[in-house]
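Notes to accompany the following structure.
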Amino acid sequence: MNMFQRTLKSALLASCTIVTPQIVYSQETQQAEPSNIDTVIVSGRYIPDEKRATSEISNVVGSADFSLAGDSDVAVALTRLPGVSPDVSGKFVVIRGLNERYTSTLLNGIELPSPDPLKRAVPLDIFPTSLVGSVLIQKTYSAEFPGAFGGGVIDIRTKVVPEESFFEIGFASGFNTASTFKDGLTYFGSDTDVFGFDDGTRDLPSIIAQNPTLEGLSAEQLEQAGEAFPNVWSIDFQNNAPDFDFNTSGGTNFDIGDEGEIGVIFAIDYGSKFRNKFGQRSSYTASSSTDSGLEADRDFSPRACEAVGVDGADCGYDVTTWDIDFNSFVSLGWQVNSNHAFKYSSLLLRSSQKQVEIQQGSTNSEDLANFTRLDWTERQVWSHTLDGEHAFDIFNDDMTELFWHANTTKAKRDVPLRKRYTYVFDNNSGAFEILRRNDSNRIEFGDLDDTSKDFGFDIKQPFYINNTALDFKFGASYNEKSRISDYKKYGFNLSQVSNDELRRFVPEIIFGSVNIDPNGVFLDEFFDASSAFTADFENKQFYAQVDAQVNDQVRVSAGVRYEDSLQTVESTNRTTFEDITINQDLQKWLPSATVTWEFIENMQIRLAYSETVNRPDSRELAPVFFVREDGRTERGNENLMPANIRSFDARFEWYFGAGESLTVGGFYKEINNPIEQSIFARGDGEADTIANADTAKLKGAEIEIEKVIATVGPREFFVKANATYIDSEVVRSAENFDRITNLVGRLQGQSNYLGNLQVGFENLDIGEKLNLIINYQGDRIYRLGTSNRPDLVEDIPLQVNFLYSRDIALWGDNPVTLIFKAQNLLNEKALRKQGSEIAESFEIGRTFSLGLNYTF
């Protein structure tokens, strides 16, 4: 029996002990010790299901589910599960009303650092389903997982080495009605953008890299520095290309005689997608002179242009995004013998984005203004893991199992050569002019590097006490992370430009080499010492857990985890230039327990309790300003405290057929010092920050059913449905949320109602699948309202999607799989509202795609 078979057998035995079988022993067997039982005859029907086999409340989505729903990345796939919804960006998920900061993301059981400086969690959209075998969402805490738990643990499991050799290749192309073959916004970046890599065009010029503050440069050197930037500012229009996806994977294994067996698997995935987001955006101030109680102070909509006699089509909020993904995975395994195995895995995830944004309309200070941003962002996670599984015959026949791992992961985010500039409409000249103010244009470079090292082991020992089967498990791990973050800002100073006519030209002329001069347009730097910080995190962890089958009906899993962590953030005060050091030292004992009672065959009830912690991220502790992708500025808060969470869970489960089940559950959570987004005054405007609220309470209920409803010939018709209700209350202090309108309200990003429905059929004889997929989310708070304004609320479009796939024999022995997908069939728009006023609206469009997969 090899390691895989032993693990599978162990899982099945653990799950089988939950049911109520009628066991008939021979006379000799009845007198034997449990470990010496030779023959066990089980009468009754056991329905296998992974979420049943685990000791906790969980959901599992696998490769068959990805294929049936047509999901291309993990972020989308998880939203089919009860209690799970996408966040505003679509990169992360909200589990049971708690946003991504309350979620731990693991790769094959190991924590990953985030390549996003504004998020503590790993973006899930960078994990293509073509590289993933299955994903476990565990909604109750157990001690073997990291203590940073709130909504759930997401364990992404990569594909495993197959028993038989295979090679698969796939292509797909898609069309979006709002974007494809429509005019999109673009600019020339570099020749290698199509691969998701900049070729160096956007690098910080060497003359500036050697002296980032420009201090001490001569007039001639300063002029050279200004001319060293690529003089590309203007926006071009071009037809957006269709979506394109390519993926390939393969694997094999071969015998090496007495040395065991070697297996290898690889996967590569590439995707390209253009999307227009053309619509309107407005922000408001409280006003008693309007019916809605709000008055627009920044209005990027057609009415802003029409108010000053300009064609309304010239005003609005327009963004074109080009997403380029490149991902690869390779795993090499060595099965030495039935008791020892080693594996090396390497995963590279890259997601690049080219984005152009134009906002044109009125502001509180200008009748008409144009704000333009050119952006390029590269995100990358590269993980290397060496692990082993071993079994030792130490205590009779009860094999002692040892699992160990060593992992190093590097996460990186580059924002090279971000450009922003502002023109305002001059009524006297009847033309747009670039502002003289020193914030009229910016050239920015952001860089973040995370390095994480994780080492650990787990030991599992089954044994019996008074005929009670127990699995005792304990382990330890050491995790350290280091982060270096830097943000540089430059701009051209126009204060010496007296020629107003020059300011009416395009930026390429204004910032051309002819005009760059110490006595004319000259380069200046606008970043400060606090724009950079370093951070270190160290966490020493130990846990012990017991999983006991008390009797034929009751199973108890209980454990405790101890974590000793130290987080250090170092930066500089932006006004006094004094060094800032922030230390957050935390020692926590984290208990957890789950009881499973199978009161009737294939029916069981679970009850669970746990205590967990949610630490601030290093970026959140750093008193540093960041510019987000949506253009808003955010600052960290060095006074943040960890949040402490108590969770209570219950779920009824009924397994009435293979792949068929009904679950009904409820949950309740208490959070002390919950960490939330807040807003503070900055100059004449506002900026976002992070703050501790006083308390939060969250409760909810989930129901899920999976059922085969009919069989017509070779076609098996099914329904999969789930619904979730969530209610929360957050109490915020006036001290930390002084500008916030509602100090008591629901959690940000939480919908009260969620629902999913899948109806379709499968015909395994000819590889045919049809699925109609409906996803509903209730409205949620996008941003808290300030200064007597109501909260900014997002109305989520009702998603109706369709998938049809079928195997077609074209050549050879293996068929080609044809896949057709349609998304957003109702063509609903994205909408955010503040009170009764529209804050943002744009068309999403319908998406249609056609793909081909072939397996050799």
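Chain labels A, B, ... are given in the sequence in which chains occur in the structure tokens; within each chain residues are numbered consecutively from 1, and ligands are likewise numbered from 1 in the order shown.
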> Could you pull out the strand (DSSP E or B) residues of segment 133-317 of chain A from DSSP and send them as a ChimeraX atom specification?
Replying inline: /A:133-138,148,152-158,166-176,180,183-186,236-240,243-255,261-286,294-300,316-317
Per residue of segment 517-624 of chain A within 12 Å of segment 122-139 of chain A, note the shortest atom pair and the distance in Å to one decimal, counting only C-alpha atoms, and order the rows by chain and increasing residue number, as CSV.
residue,atom,partner,partner_atom,distance
A:Thr594,CA,A:Lys139,CA,11.6
A:Ala608,CA,A:Lys139,CA,10.0
A:Tyr609,CA,A:Lys139,CA,11.1
A:Ser610,CA,A:Lys139,CA,10.8
For the selection you just gave me, I'd like the residues written to a file as an mmCIF file, in the first residue's frame, keeping N, CA and C atoms.
data_model
loop_
_atom_site.group_PDB
_atom_site.id
_atom_site.type_symbol
_atom_site.label_atom_id
_atom_site.label_comp_id
_atom_site.auth_asym_id
_atom_site.auth_seq_id
_atom_site.Cartn_x
_atom_site.Cartn_y
_atom_site.Cartn_z
ATOM 1 N N THR A 594 -15.071 20.471 17.651
ATOM 2 C CA THR A 594 -16.227 20.145 16.818
ATOM 3 C C THR A 594 -16.756 18.776 17.228
ATOM 4 N N ALA A 608 -19.771 23.324 16.616
ATOM 5 C CA ALA A 608 -18.369 23.732 16.664
ATOM 6 C C ALA A 608 -18.209 25.049 17.414
ATOM 7 N N TYR A 609 -17.041 25.181 18.049
ATOM 8 C CA TYR A 609 -16.670 26.423 18.742
ATOM 9 C C TYR A 609 -15.184 26.648 18.529
ATOM 10 N N SER A 610 -14.789 27.919 18.364
ATOM 11 C CA SER A 610 -13.363 28.226 18.214
ATOM 12 C C SER A 610 -13.084 29.668 18.611
#
> Near segment 384-397 of chain A, within 8 Å and counting only C-alpha atoms, which residues show up once chain neighbours fewer than 4 positions away are dropped, as a list of chain:residue names?
Replying inline: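 In the requested format, the answer is A:Met3, A:Ser35, A:Asn339, A:His340, A:Ala341, A:Phe342, A:Lys343, A:Tyr344, A:Ser345, A:Ser346, A:Leu347, A:Glu401, A:Leu402, A:Phe403, A:Trp404, A:His405, A:Ala406, A:Asn407, A:Thr408, A:Thr409.
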So which residues touch Pro230 of chain A within 10 Å, counting only C-alpha atoms, skipping near sequence neighbours fewer than 4 positions away, as a short mmCIF file (atom, residue, chain, number, x, y, z; two decimals) with all heavy atoms, in the first residue's frame?
data_model
loop_
_atom_site.label_atom_id
_atom_site.label_comp_id
_atom_site.auth_asym_id
_atom_site.auth_seq_id
_atom_site.Cartn_x
_atom_site.Cartn_y
_atom_site.Cartn_z
N GLY A 189 3.16 51.14 -24.43
CA GLY A 189 3.95 50.84 -23.24
C GLY A 189 5.28 50.24 -23.61
O GLY A 189 6.31 50.91 -23.61
N THR A 201 11.19 49.46 -20.81
CA THR A 201 10.82 50.81 -21.23
C THR A 201 10.33 51.64 -20.05
O THR A 201 10.60 52.84 -19.98
CB THR A 201 9.72 50.75 -22.31
OG1 THR A 201 10.20 50.02 -23.44
CG2 THR A 201 9.30 52.15 -22.75
N ARG A 202 9.62 51.00 -19.12
CA ARG A 202 9.04 51.73 -18.00
C ARG A 202 9.96 51.82 -16.78
O ARG A 202 9.55 52.34 -15.74
CB ARG A 202 7.71 51.07 -17.58
CG ARG A 202 6.63 51.04 -18.66
CD ARG A 202 5.38 50.37 -18.13
NE ARG A 202 4.26 50.37 -19.04
CZ ARG A 202 4.01 49.39 -19.92
NH1 ARG A 202 4.84 48.35 -20.01
NH2 ARG A 202 2.96 49.45 -20.71
N ASP A 203 11.17 51.29 -16.89
CA ASP A 203 12.07 51.32 -15.74
C ASP A 203 12.42 52.76 -15.35
O ASP A 203 12.44 53.67 -16.20
CB ASP A 203 13.38 50.59 -16.07
CG ASP A 203 13.19 49.09 -16.12
OD1 ASP A 203 12.09 48.62 -15.74
OD2 ASP A 203 14.12 48.38 -16.55
N PRO A 205 14.66 55.68 -14.98
CA PRO A 205 15.90 55.99 -15.69
C PRO A 205 17.11 55.92 -14.76
O PRO A 205 17.02 56.27 -13.58
CB PRO A 205 15.66 57.42 -16.20
CG PRO A 205 14.17 57.53 -16.31
CD PRO A 205 13.63 56.71 -15.19
N GLY A 226 14.88 64.92 -16.56
CA GLY A 226 13.54 65.17 -17.06
C GLY A 226 13.32 64.61 -18.44
O GLY A 226 12.22 64.15 -18.78
N LEU A 417 6.18 53.54 -13.86
CA LEU A 417 5.81 54.62 -14.78
C LEU A 417 4.30 54.87 -14.83
O LEU A 417 3.70 54.97 -15.89
CB LEU A 417 6.35 54.34 -16.19
CG LEU A 417 6.57 55.56 -17.09
CD1 LEU A 417 7.69 56.43 -16.56
CD2 LEU A 417 6.87 55.14 -18.52
N GLU A 508 2.83 65.67 -24.65
CA GLU A 508 4.09 65.38 -25.34
C GLU A 508 4.80 66.64 -25.79
O GLU A 508 6.04 66.67 -25.87
CB GLU A 508 3.82 64.48 -26.56
CG GLU A 508 3.60 63.01 -26.24
CD GLU A 508 2.16 62.72 -25.81
OE1 GLU A 508 1.36 63.67 -25.66
OE2 GLU A 508 1.83 61.54 -25.63
N GLY A 512 8.04 68.06 -23.78
CA GLY A 512 9.06 67.72 -24.77
C GLY A 512 10.41 68.29 -24.39
O GLY A 512 10.53 69.22 -23.58
#
> Excluding same-chain residues fewer than 5 positions from segment 525-542 of chain A, what lies within 6 Å of it counting only C-alpha atoms, as a VMD selection string?
Replying inline: chain A and resid 475 to 490 561 to 574 624
> Using only C-alpha atoms, which of the listed residues (A:Ser733, A:Gln224, A:Gln360, A:Thr290) sits closest to Ala313 of chain A?
Replying inline: A:Gln360
>> Taking the DSSP secondary structure from the backbone, can you list the residues of segment 242-456 of chain A that are alpha helix (DSSP H), as a PyMOL selection string?
In response: chain A and resi 302-306
> How many Å separate atom CA of Ile726 of chain A from atom CA of Trp597 of chain A?
Replying inline: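 Between atom CA of Ile726 of chain A and atom CA of Trp597 of chain A the gap is 25.7 Å.
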> Please, what distance in Å, to one decimal, runs between atom CA of Ile95 of chain A and atom CA of Glu144 of chain A?
Replying inline: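 Pair atom CA of Ile95 of chain A / atom CA of Glu144 of chain A returns 20.0 Å.
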>> Give me, as JSON, numbers by chain, all polymer residues having an atom no more than 10 Å from segment 780-787 of chain A, counting only C-alpha atoms and skipping those fewer than 3 positions away in the same chain.
In response: {"A": [87, 88, 97, 285, 286, 676, 677, 678, 679, 680, 686, 688, 737, 738, 739, 740, 741, 742, 743, 745, 746, 747, 748, 749, 750, 751, 752, 753, 777, 790, 791, 792, 793, 794, 795, 796, 832, 833, 834, 835]}
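Take atom CA of Glu433 of chain A and atom CA of Gln280 of chain A: the distance between them is 22.7 Å.
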>> Please list as number ranges by chain every residue within 8 Å of Gly250 of chain A, counting only C-alpha atoms and excluding residues in the same chain fewer than 5 positions away.
In response: A: 165-168, 265-267
>> Using only C-alpha atoms for the distances, tell me which of A:Thr363, A:Thr817, A:Ser836, A:Asn775 is nearest to Gln758 of chain A.
In response: A:Asn775
> Which one of A:Thr612, A:Asn466, A:Thr377, A:Thr400 sits closest to Asp447 of chain A if you count only C-alpha atoms?
Replying inline: A:Thr377
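Comparing the minimum interatomic distances between Asn519 of chain A and each of A:Glu444, A:Glu223, A:Glu638, A:Glu706, counting only C-alpha atoms, we find that A:Glu223 sits nearest.
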